file upload-v6.cif (mmCIF, C-alpha atoms)
data_my_file
loop_
_atom_site.group_PDB
_atom_site.id
_atom_site.type_symbol
_atom_site.label_atom_id
_atom_site.label_comp_id
_atom_site.auth_asym_id
_atom_site.auth_seq_id
_atom_site.Cartn_x
_atom_site.Cartn_y
_atom_site.Cartn_z
ATOM 1 C CA MET A 183 -2.895 0.556 -54.913
ATOM 2 C CA SER A 184 0.163 2.343 -56.241
ATOM 3 C CA LYS A 185 1.563 0.948 -59.471
ATOM 4 C CA ASP A 186 5.289 0.509 -60.080
ATOM 5 C CA LEU A 187 6.040 2.641 -63.085
ATOM 6 C CA LEU A 188 9.112 2.256 -65.251
ATOM 7 C CA ILE A 189 10.855 4.288 -67.896
ATOM 8 C CA ILE A 190 10.815 2.044 -70.946
ATOM 9 C CA ALA A 191 13.071 4.182 -73.157
ATOM 10 C CA HIS A 192 14.354 7.732 -73.319
ATOM 11 C CA SER A 193 15.848 10.120 -75.859
ATOM 12 C CA VAL A 194 17.686 13.416 -75.695
ATOM 13 C CA VAL A 195 18.067 15.796 -78.639
ATOM 14 C CA ARG A 196 20.314 18.826 -78.159
ATOM 15 C CA SER A 197 23.426 20.443 -79.656
ATOM 16 C CA SER A 198 23.185 18.576 -82.990
ATOM 17 C CA SER A 199 23.233 15.164 -81.385
ATOM 18 C CA ILE A 200 20.731 12.519 -80.374
ATOM 19 C CA LEU A 201 21.031 10.126 -77.455
ATOM 20 C CA VAL A 202 18.875 7.038 -77.105
ATOM 21 C CA ASN A 203 18.829 5.410 -73.690
ATOM 22 C CA GLY A 204 21.940 7.377 -72.783
ATOM 23 C CA GLU A 205 23.943 6.232 -75.799
ATOM 24 C CA LYS A 206 24.906 8.528 -78.657
ATOM 25 C CA ASP A 207 22.766 7.486 -81.636
ATOM 26 C CA PHE A 208 23.215 10.297 -84.161
ATOM 27 C CA THR A 209 25.503 13.298 -84.409
ATOM 28 C CA SER A 210 25.815 15.998 -87.013
ATOM 29 C CA SER A 211 28.468 18.626 -87.592
ATOM 30 C CA GLU A 212 25.663 20.985 -88.614
ATOM 31 C CA GLN A 213 25.009 23.673 -86.025
ATOM 32 C CA ASP A 214 21.985 25.018 -87.896
ATOM 33 C CA PHE A 215 18.862 23.355 -86.493
ATOM 34 C CA LYS A 216 16.959 23.163 -89.767
ATOM 35 C CA THR A 217 19.815 21.320 -91.476
ATOM 36 C CA PHE A 218 20.494 19.107 -88.475
ATOM 37 C CA ILE A 219 16.879 18.019 -88.085
ATOM 38 C CA LYS A 220 16.600 17.272 -91.798
ATOM 39 C CA GLU A 221 19.700 15.085 -91.524
ATOM 40 C CA ALA A 222 18.146 13.326 -88.524
ATOM 41 C CA TYR A 223 14.927 12.764 -90.507
ATOM 42 C CA ARG A 224 16.926 11.127 -93.314
ATOM 43 C CA ASN A 225 19.032 9.144 -90.838
ATOM 44 C CA TYR A 226 15.973 7.622 -89.165
ATOM 45 C CA ASP A 227 14.244 7.162 -92.528
ATOM 46 C CA LEU A 228 10.898 8.483 -91.325
ATOM 47 C CA LYS A 229 9.188 8.526 -94.744
ATOM 48 C CA TYR A 230 6.667 11.092 -93.504
ATOM 49 C CA PRO A 231 6.409 14.011 -95.985
ATOM 50 C CA LYS A 232 4.175 15.932 -93.569
ATOM 51 C CA PHE A 233 7.323 16.380 -91.447
ATOM 52 C CA PHE A 234 8.574 19.090 -93.807
ATOM 53 C CA LYS A 235 5.419 21.142 -93.327
ATOM 54 C CA MET A 236 5.879 21.292 -89.560
ATOM 55 C CA ASP A 237 7.468 24.140 -87.664
ATOM 56 C CA SER A 238 10.783 23.641 -85.853
ATOM 57 C CA LEU A 239 9.189 22.842 -82.492
ATOM 58 C CA CYS A 240 7.075 20.057 -83.979
ATOM 59 C CA LYS A 241 9.991 18.676 -86.005
ATOM 60 C CA LEU A 242 12.027 18.492 -82.804
ATOM 61 C CA ALA A 243 9.168 16.842 -80.915
ATOM 62 C CA VAL A 244 8.422 14.337 -83.678
ATOM 63 C CA ILE A 245 12.073 13.235 -84.066
ATOM 64 C CA GLY A 246 12.557 12.930 -80.291
ATOM 65 C CA ALA A 247 9.331 10.935 -79.999
ATOM 66 C CA GLU A 248 10.026 8.754 -83.030
ATOM 67 C CA ILE A 249 13.244 7.295 -81.681
ATOM 68 C CA VAL A 250 11.913 6.754 -78.180
ATOM 69 C CA ILE A 251 8.743 5.066 -79.469
ATOM 70 C CA GLU A 252 10.808 2.913 -81.810
ATOM 71 C CA ASN A 253 12.762 1.706 -78.790
ATOM 72 C CA SER A 254 9.643 0.904 -76.752
ATOM 73 C CA ASP A 255 7.513 -2.149 -77.315
ATOM 74 C CA LEU A 256 4.006 -0.668 -77.228
ATOM 75 C CA ALA A 257 2.426 -3.277 -79.513
ATOM 76 C CA GLU A 258 0.354 -4.818 -76.720
ATOM 77 C CA ILE A 259 -1.062 -1.475 -75.605
ATOM 78 C CA SER A 260 -4.202 -0.080 -77.190
ATOM 79 C CA ASN A 261 -3.664 3.313 -78.856
ATOM 80 C CA ASP A 262 -6.408 4.903 -76.770
ATOM 81 C CA ARG A 263 -4.466 3.906 -73.643
ATOM 82 C CA ILE A 264 -1.266 5.742 -74.629
ATOM 83 C CA GLY A 265 -1.031 9.315 -73.350
ATOM 84 C CA ILE A 266 1.223 12.238 -74.166
ATOM 85 C CA VAL A 267 2.340 14.799 -71.574
ATOM 86 C CA LEU A 268 4.852 17.412 -72.702
ATOM 87 C CA MET A 269 6.260 20.603 -71.214
ATOM 88 C CA ASN A 270 8.177 23.534 -72.599
ATOM 89 C CA ARG A 271 9.188 27.099 -71.837
ATOM 90 C CA ALA A 272 8.892 29.075 -75.072
ATOM 91 C CA SER A 273 5.529 27.678 -76.118
ATOM 92 C CA SER A 274 5.310 28.245 -79.903
ATOM 93 C CA LEU A 275 7.143 31.581 -79.740
ATOM 94 C CA GLU A 276 9.396 30.921 -82.747
ATOM 95 C CA THR A 277 6.382 30.367 -85.001
ATOM 96 C CA ASP A 278 4.425 33.157 -83.322
ATOM 97 C CA ARG A 279 7.228 35.526 -84.382
ATOM 98 C CA GLU A 280 7.183 34.140 -87.911
ATOM 99 C CA HIS A 281 3.421 34.650 -88.109
ATOM 100 C CA GLN A 282 3.760 38.168 -86.680
ATOM 101 C CA HIS A 283 6.312 38.959 -89.378
ATOM 102 C CA THR A 284 3.754 38.099 -92.105
ATOM 103 C CA ILE A 285 1.180 40.516 -90.693
ATOM 104 C CA ASP A 286 3.416 43.409 -89.597
ATOM 105 C CA ASP A 287 3.123 45.308 -92.844
ATOM 106 C CA ARG A 288 -0.450 46.212 -93.853
ATOM 107 C CA GLU A 289 0.791 46.814 -97.412
ATOM 108 C CA ASN A 290 2.287 43.346 -97.593
ATOM 109 C CA TYR A 291 -0.226 41.424 -95.516
ATOM 110 C CA PHE A 292 -0.075 37.720 -96.339
ATOM 111 C CA PRO A 293 -0.586 35.605 -93.204
ATOM 112 C CA SER A 294 0.258 32.012 -93.989
ATOM 113 C CA PRO A 295 -2.358 29.435 -92.892
ATOM 114 C CA ALA A 296 0.373 26.789 -92.804
ATOM 115 C CA THR A 297 2.346 28.904 -90.329
ATOM 116 C CA PHE A 298 -0.666 29.989 -88.297
ATOM 117 C CA VAL A 299 -1.727 26.416 -87.488
ATOM 118 C CA TYR A 300 1.518 25.972 -85.540
ATOM 119 C CA THR A 301 1.018 28.967 -83.252
ATOM 120 C CA LEU A 302 0.106 26.768 -80.289
ATOM 121 C CA ALA A 303 2.540 24.679 -78.243
ATOM 122 C CA ASN A 304 0.221 21.687 -77.895
ATOM 123 C CA ILE A 305 0.304 21.126 -81.661
ATOM 124 C CA MET A 306 3.573 19.231 -81.054
ATOM 125 C CA ALA A 307 1.661 16.668 -79.004
ATOM 126 C CA GLY A 308 -0.999 16.592 -81.714
ATOM 127 C CA GLU A 309 1.551 15.892 -84.432
ATOM 128 C CA ILE A 310 3.006 12.980 -82.448
ATOM 129 C CA ALA A 311 -0.510 11.669 -81.736
ATOM 130 C CA ILE A 312 -1.429 11.832 -85.433
ATOM 131 C CA ARG A 313 1.771 10.132 -86.564
ATOM 132 C CA HIS A 314 1.477 7.258 -84.081
ATOM 133 C CA GLU A 315 -2.328 7.263 -83.742
ATOM 134 C CA PHE A 316 -2.130 7.745 -79.977
ATOM 135 C CA GLN A 317 -5.570 8.613 -78.642
ATOM 136 C CA GLY A 318 -5.037 8.667 -74.875
ATOM 137 C CA GLU A 319 -4.839 11.659 -72.518
ATOM 138 C CA ASN A 320 -2.944 14.540 -74.021
ATOM 139 C CA MET A 321 -1.521 17.533 -72.153
ATOM 140 C CA CYS A 322 0.991 20.286 -72.779
ATOM 141 C CA PHE A 323 2.294 22.538 -69.988
ATOM 142 C CA VAL A 324 4.084 25.835 -70.591
ATOM 143 C CA LEU A 325 6.431 26.480 -67.659
ATOM 144 C CA SER A 326 9.568 28.471 -66.912
ATOM 145 C CA GLU A 327 11.589 25.251 -66.594
ATOM 146 C CA PHE A 328 11.185 21.478 -66.791
ATOM 147 C CA ASP A 329 9.168 20.663 -63.681
ATOM 148 C CA VAL A 330 10.150 17.054 -63.094
ATOM 149 C CA ASP A 331 8.096 16.827 -59.894
ATOM 150 C CA LEU A 332 4.923 18.016 -61.594
ATOM 151 C CA MET A 333 5.510 15.646 -64.490
ATOM 152 C CA HIS A 334 5.965 12.712 -62.134
ATOM 153 C CA GLN A 335 2.869 13.585 -60.111
ATOM 154 C CA TYR A 336 0.674 14.269 -63.151
ATOM 155 C CA VAL A 337 1.650 11.134 -65.061
ATOM 156 C CA SER A 338 1.436 8.949 -61.927
ATOM 157 C CA ASN A 339 -2.103 10.261 -61.395
ATOM 158 C CA LEU A 340 -3.051 9.358 -64.951
ATOM 159 C CA PHE A 341 -1.906 5.789 -64.317
ATOM 160 C CA GLU A 342 -3.590 5.741 -60.898
ATOM 161 C CA SER A 343 -6.877 6.883 -62.387
ATOM 162 C CA GLY A 344 -6.713 3.996 -64.849
ATOM 163 C CA LYS A 345 -6.802 6.232 -67.905
ATOM 164 C CA ILE A 346 -3.561 5.096 -69.542
ATOM 165 C CA ASP A 347 -1.216 2.108 -69.767
ATOM 166 C CA ALA A 348 1.729 4.029 -71.254
ATOM 167 C CA CYS A 349 2.705 7.654 -71.581
ATOM 168 C CA LEU A 350 5.116 9.620 -73.713
ATOM 169 C CA CYS A 351 6.482 12.353 -71.454
ATOM 170 C CA GLY A 352 9.038 15.080 -71.793
ATOM 171 C CA TRP A 353 10.419 18.536 -72.218
ATOM 172 C CA VAL A 354 10.530 19.882 -75.791
ATOM 173 C CA ASP A 355 11.613 23.483 -76.132
ATOM 174 C CA PHE A 356 12.597 25.596 -79.115
ATOM 175 C CA ASP A 357 13.377 29.293 -79.097
ATOM 176 C CA ASP A 358 15.601 31.417 -81.291
ATOM 177 C CA SER A 359 17.628 28.445 -82.553
ATOM 178 C CA ASN A 360 18.122 27.063 -79.020
ATOM 179 C CA TYR A 361 16.502 23.684 -78.760
ATOM 180 C CA GLU A 362 16.192 20.751 -76.418
ATOM 181 C CA SER A 363 14.083 17.610 -76.386
ATOM 182 C CA VAL A 364 14.093 15.090 -73.562
ATOM 183 C CA GLN A 365 11.384 12.465 -74.023
ATOM 184 C CA TYR A 366 10.696 9.154 -72.351
ATOM 185 C CA ILE A 367 8.026 6.482 -72.345
ATOM 186 C CA VAL A 368 6.566 5.471 -69.005
ATOM 187 C CA GLY A 369 4.824 2.138 -68.611
ATOM 188 C CA GLU A 370 4.278 -0.764 -66.250
ATOM 189 C CA ASN A 371 6.324 -3.362 -68.119
ATOM 190 C CA SER A 372 9.884 -3.081 -69.302
ATOM 191 C CA SER A 373 12.925 -5.308 -69.602
ATOM 192 C CA LYS A 374 14.964 -2.365 -68.347
ATOM 193 C CA ASN A 375 14.715 -1.786 -64.656
ATOM 194 C CA ILE A 376 14.560 2.026 -64.737
ATOM 195 C CA THR A 377 12.164 3.319 -62.104
ATOM 196 C CA PHE A 378 10.020 6.282 -63.077
ATOM 197 C CA ASP A 379 10.842 8.727 -60.305
ATOM 198 C CA VAL A 380 11.979 12.316 -59.961
ATOM 199 C CA CYS A 381 15.622 11.459 -59.394
ATOM 200 C CA THR A 382 15.958 9.232 -62.471
ATOM 201 C CA THR A 383 14.145 11.737 -64.671
ATOM 202 C CA LYS A 384 16.539 14.469 -63.548
ATOM 203 C CA GLU A 385 19.480 12.223 -64.390
ATOM 204 C CA ILE A 386 18.133 11.652 -67.899
ATOM 205 C CA TYR A 387 17.446 15.359 -68.374
ATOM 206 C CA ASN A 388 20.884 16.424 -67.215
ATOM 207 C CA VAL A 389 22.807 13.928 -69.277
ATOM 208 C CA LYS A 390 25.311 15.689 -71.540
ATOM 209 C CA MET B 91 2.759 29.382 -122.595
ATOM 210 C CA ALA B 92 4.077 26.670 -120.290
ATOM 211 C CA GLU B 93 6.118 29.230 -118.382
ATOM 212 C CA LEU B 94 3.265 30.033 -116.012
ATOM 213 C CA GLU B 95 2.687 26.337 -115.311
ATOM 214 C CA GLU B 96 6.358 25.855 -114.415
ATOM 215 C CA GLU B 97 6.268 28.968 -112.249
ATOM 216 C CA LEU B 98 3.215 27.632 -110.409
ATOM 217 C CA LYS B 99 4.885 24.292 -109.790
ATOM 218 C CA SER B 100 7.896 26.045 -108.305
ATOM 219 C CA GLN B 101 5.718 28.298 -106.138
ATOM 220 C CA ILE B 102 3.675 25.331 -104.879
ATOM 221 C CA ILE B 103 6.803 23.385 -103.924
ATOM 222 C CA GLU B 104 8.171 26.363 -102.028
ATOM 223 C CA SER B 105 4.935 27.573 -100.432
ATOM 224 C CA LEU B 106 3.795 24.121 -99.322
ATOM 225 C CA ASN B 107 7.253 22.855 -98.285
ATOM 226 C CA LEU B 108 7.079 19.841 -100.582
ATOM 227 C CA GLU B 109 10.641 18.901 -99.733
ATOM 228 C CA ASP B 110 10.785 15.603 -101.621
ATOM 229 C CA ILE B 111 9.023 16.871 -104.749
ATOM 230 C CA GLU B 112 10.708 18.415 -107.781
ATOM 231 C CA ILE B 113 9.127 20.431 -110.581
ATOM 232 C CA GLY B 114 9.401 17.454 -112.927
ATOM 233 C CA ASP B 115 7.419 15.302 -110.489
ATOM 234 C CA ILE B 116 4.293 17.441 -110.846
ATOM 235 C CA GLU B 117 2.217 16.699 -113.923
ATOM 236 C CA THR B 118 0.339 19.673 -115.298
ATOM 237 C CA ASP B 119 -2.918 17.696 -115.657
ATOM 238 C CA ALA B 120 -2.656 15.622 -112.467
ATOM 239 C CA PRO B 121 -5.002 16.362 -109.534
ATOM 240 C CA LEU B 122 -3.327 18.381 -106.779
ATOM 241 C CA PHE B 123 -5.508 16.937 -104.032
ATOM 242 C CA GLY B 124 -6.338 13.353 -103.120
ATOM 243 C CA ALA B 125 -4.367 10.917 -105.225
ATOM 244 C CA GLY B 126 -2.166 13.649 -106.734
ATOM 245 C CA LEU B 127 0.223 15.518 -104.480
ATOM 246 C CA GLY B 128 -1.830 14.540 -101.444
ATOM 247 C CA LEU B 129 -2.437 18.116 -100.372
ATOM 248 C CA ASP B 130 -4.730 18.842 -97.424
ATOM 249 C CA SER B 131 -7.159 21.591 -96.373
ATOM 250 C CA ILE B 132 -4.401 23.818 -94.952
ATOM 251 C CA ASP B 133 -2.577 23.522 -98.264
ATOM 252 C CA ALA B 134 -5.771 24.670 -100.005
ATOM 253 C CA LEU B 135 -5.768 27.820 -97.888
ATOM 254 C CA GLU B 136 -2.087 28.299 -98.631
ATOM 255 C CA LEU B 137 -2.813 28.076 -102.382
ATOM 256 C CA ILE B 138 -5.408 30.844 -102.038
ATOM 257 C CA VAL B 139 -2.794 33.036 -100.307
ATOM 258 C CA MET B 140 -0.242 32.091 -102.969
ATOM 259 C CA LEU B 141 -2.535 33.246 -105.782
ATOM 260 C CA GLU B 142 -3.003 36.616 -104.098
ATOM 261 C CA LYS B 143 0.622 37.071 -103.084
ATOM 262 C CA PHE B 144 2.322 36.093 -106.344
ATOM 263 C CA HIS B 145 -0.374 36.791 -108.923
ATOM 264 C CA GLY B 146 -2.465 39.514 -107.320
ATOM 265 C CA ILE B 147 -5.653 37.488 -107.679
ATOM 266 C CA LYS B 148 -8.108 37.314 -104.825
ATOM 267 C CA ILE B 149 -10.679 34.526 -104.770
ATOM 268 C CA ASP B 150 -13.872 36.082 -103.469
ATOM 269 C CA ASP B 151 -15.990 32.955 -103.715
ATOM 270 C CA PRO B 152 -14.308 30.039 -101.853
ATOM 271 C CA SER B 153 -16.590 27.549 -103.618
ATOM 272 C CA GLN B 154 -14.626 28.318 -106.816
ATOM 273 C CA GLY B 155 -11.545 26.789 -105.193
ATOM 274 C CA LYS B 156 -12.390 23.205 -106.013
ATOM 275 C CA ASP B 157 -12.357 23.909 -109.752
ATOM 276 C CA ILE B 158 -9.473 26.388 -109.735
ATOM 277 C CA PHE B 159 -7.129 24.151 -107.739
ATOM 278 C CA GLU B 160 -7.956 20.908 -109.486
ATOM 279 C CA SER B 161 -4.576 20.873 -111.238
ATOM 280 C CA ILE B 162 -1.730 23.117 -112.347
ATOM 281 C CA LYS B 163 -3.507 23.385 -115.690
ATOM 282 C CA THR B 164 -6.754 24.713 -114.165
ATOM 283 C CA MET B 165 -4.820 27.133 -111.957
ATOM 284 C CA ALA B 166 -2.936 28.506 -114.964
ATOM 285 C CA GLU B 167 -6.148 28.805 -116.993
ATOM 286 C CA PHE B 168 -7.791 30.712 -114.158
ATOM 287 C CA ILE B 169 -4.849 33.111 -113.788
ATOM 288 C CA ARG B 170 -4.760 33.785 -117.541
ATOM 289 C CA ALA B 171 -8.519 34.401 -117.611
ATOM 290 C CA GLN B 172 -8.249 36.834 -114.712
ATOM 291 C CA LYS B 173 -5.421 38.736 -116.341
ATOM 292 C CA ALA B 174 -6.945 38.815 -119.852
#

call {"tool": "encode", "arguments": {"input": "upload-v6.cif", "output": "structure tokens"}}
result
Amino acid sequence: MSKDLLIIAHSVVRSSSILVNGEKDFTSSEQDFKTFIKEAYRNYDLKYPKFFKMDSLCKLAVIGAEIVIENSDLAEISNDRIGIVLMNRASSLETDREHQHTIDDRENYFPSPATFVYTLANIMAGEIAIRHEFQGENMCFVLSEFDVDLMHQYVSNLFESGKIDACLCGWVDFDDSNYESVQYIVGENSSKNITFDVCTTKEIYNVK
Amino acid sequence: MAELEEELKSQIIESLNLEDIEIGDIETDAPLFGAGLGLDSIDALELIVMLEKFHGIKIDDPSQGKDIFESIKTMAEFIRAQKA
């Protein structure tokens, strides 16, 4: 039997501002991503030193996830029943370039292990899973654009198959200082009556 | 003599992105791993690269790492011994 799925909370991070459930929650005058995301980290008081070791894609994913998780009551759900399904376009290209730069010159060949570990897009899901101890299904798609239909179908199937009771979903993309994170938690219980469907997800994604 | 130790502290902060740590926060004798700065296995690899990049010292035997990277003091002693 089909389950009625709801969007419990959602966040949007783009253009130096953060929206939570459609409301502006944090804005910075800083256009530079690195400065903006550091300000956001301080604003939300994460107290997670590992954050500073992450690449830009993971920092973006972790901040976007943090505020949406904080606004979702997941206390009753077992950590191994919370999934993560993310999509992006540029994969880990920004960090791939940085790694490439360290190995371009054979006379100055110092590849950084700390950079290399972030040369995979799904590390962003891993970082969120580690931070929040989520142990459910975990998937990262690399696509030319946010495929809302695929996301809806894939996540609905996870619920249908009985593998998860909640899922952090979204589009988290970072490339050449352009960035965008749209994340939302899908579950079966929520005080907000926001149906998890393609139309609603598009509305959240397109919000300016 | 303490110049090298201070230099190492600065290089570690920069190389390992220890954003909330200042040079004065790192004790020369304190363990770098575990209870100390809380570094992890990736940081250990980064320290090996750091030694080669900034000090021209390559660690051929990885099992030496545990002793060399015990603290700033042991790192400095190792560098001085290699350069003597």

call {"tool": "residues_around", "arguments": {"input": "upload-v6.cif", "residues": "stretch 141-156 of chain B", "least_positions_apart": "6", "cutoff": "10 Å", "atoms": "only C-alpha atoms", "output": "PyMOL selection string"}}
result
(chain A and resi 290-292) or (chain B and resi 98+101+123+134-135+165+168-169+172-173)

call {"tool": "resolve_selection", "arguments": {"input": "upload-v6.cif", "expression": "the PyMOL selection byres ((chain B) within 9 of (chain A))", "output": "PyMOL selection string"}}
result
chain B and resi 105-110+132-133+135-136+139-140+142-143

call {"tool": "residues_around", "arguments": {"input": "upload-v6.cif", "residues": "B:Gly126", "least_positions_apart": "4", "cutoff": "10 Å", "atoms": "all atoms listed in the file", "output": "PyMOL selection string"}}
result
chain B and resi 116-117+119-122+160-161

call {"tool": "resolve_selection", "arguments": {"input": "upload-v6.cif", "expression": "the PyMOL selection byres ((chain A and resi 328) around 12)", "output": "JSON, numbers by chain"}}
result
{"A": [268, 269, 270, 271, 272, 322, 323, 324, 325, 326, 327, 329, 330, 331, 332, 333, 334, 351, 352, 353, 354, 355, 362, 363, 364, 365, 380, 383, 384, 387, 388]}

call {"tool": "residues_around", "arguments": {"input": "upload-v6.cif", "residues": "A:Tyr361", "least_positions_apart": "5", "cutoff": "10 Å", "atoms": "all atoms listed in the file", "output": "PyMOL selection string"}}
result
chain A and resi 195-198+215+238-239+242+354-356

call {"tool": "residues_around", "arguments": {"input": "upload-v6.cif", "residues": "A:Lys206", "least_positions_apart": "4", "cutoff": "12 Å", "atoms": "only C-alpha atoms", "output": "PyMOL selection string"}}
result
chain A and resi 192-196+198-202+210+389-390

call {"tool": "write_last_selection", "arguments": {"input": "upload-v6.cif", "atoms": "C-alpha atoms", "output": "short mmCIF file (atom, residue, chain, number, x, y, z; two decimals), in the coordinates of the input"}}
result
data_model
loop_
_atom_site.label_atom_id
_atom_site.label_comp_id
_atom_site.auth_asym_id
_atom_site.auth_seq_id
_atom_site.Cartn_x
_atom_site.Cartn_y
_atom_site.Cartn_z
CA HIS A 192 14.35 7.73 -73.32
CA SER A 193 15.85 10.12 -75.86
CA VAL A 194 17.69 13.42 -75.69
CA VAL A 195 18.07 15.80 -78.64
CA ARG A 196 20.31 18.83 -78.16
CA SER A 198 23.18 18.58 -82.99
CA SER A 199 23.23 15.16 -81.39
CA ILE A 200 20.73 12.52 -80.37
CA LEU A 201 21.03 10.13 -77.46
CA VAL A 202 18.88 7.04 -77.10
CA SER A 210 25.82 16.00 -87.01
CA VAL A 389 22.81 13.93 -69.28
CA LYS A 390 25.31 15.69 -71.54
#
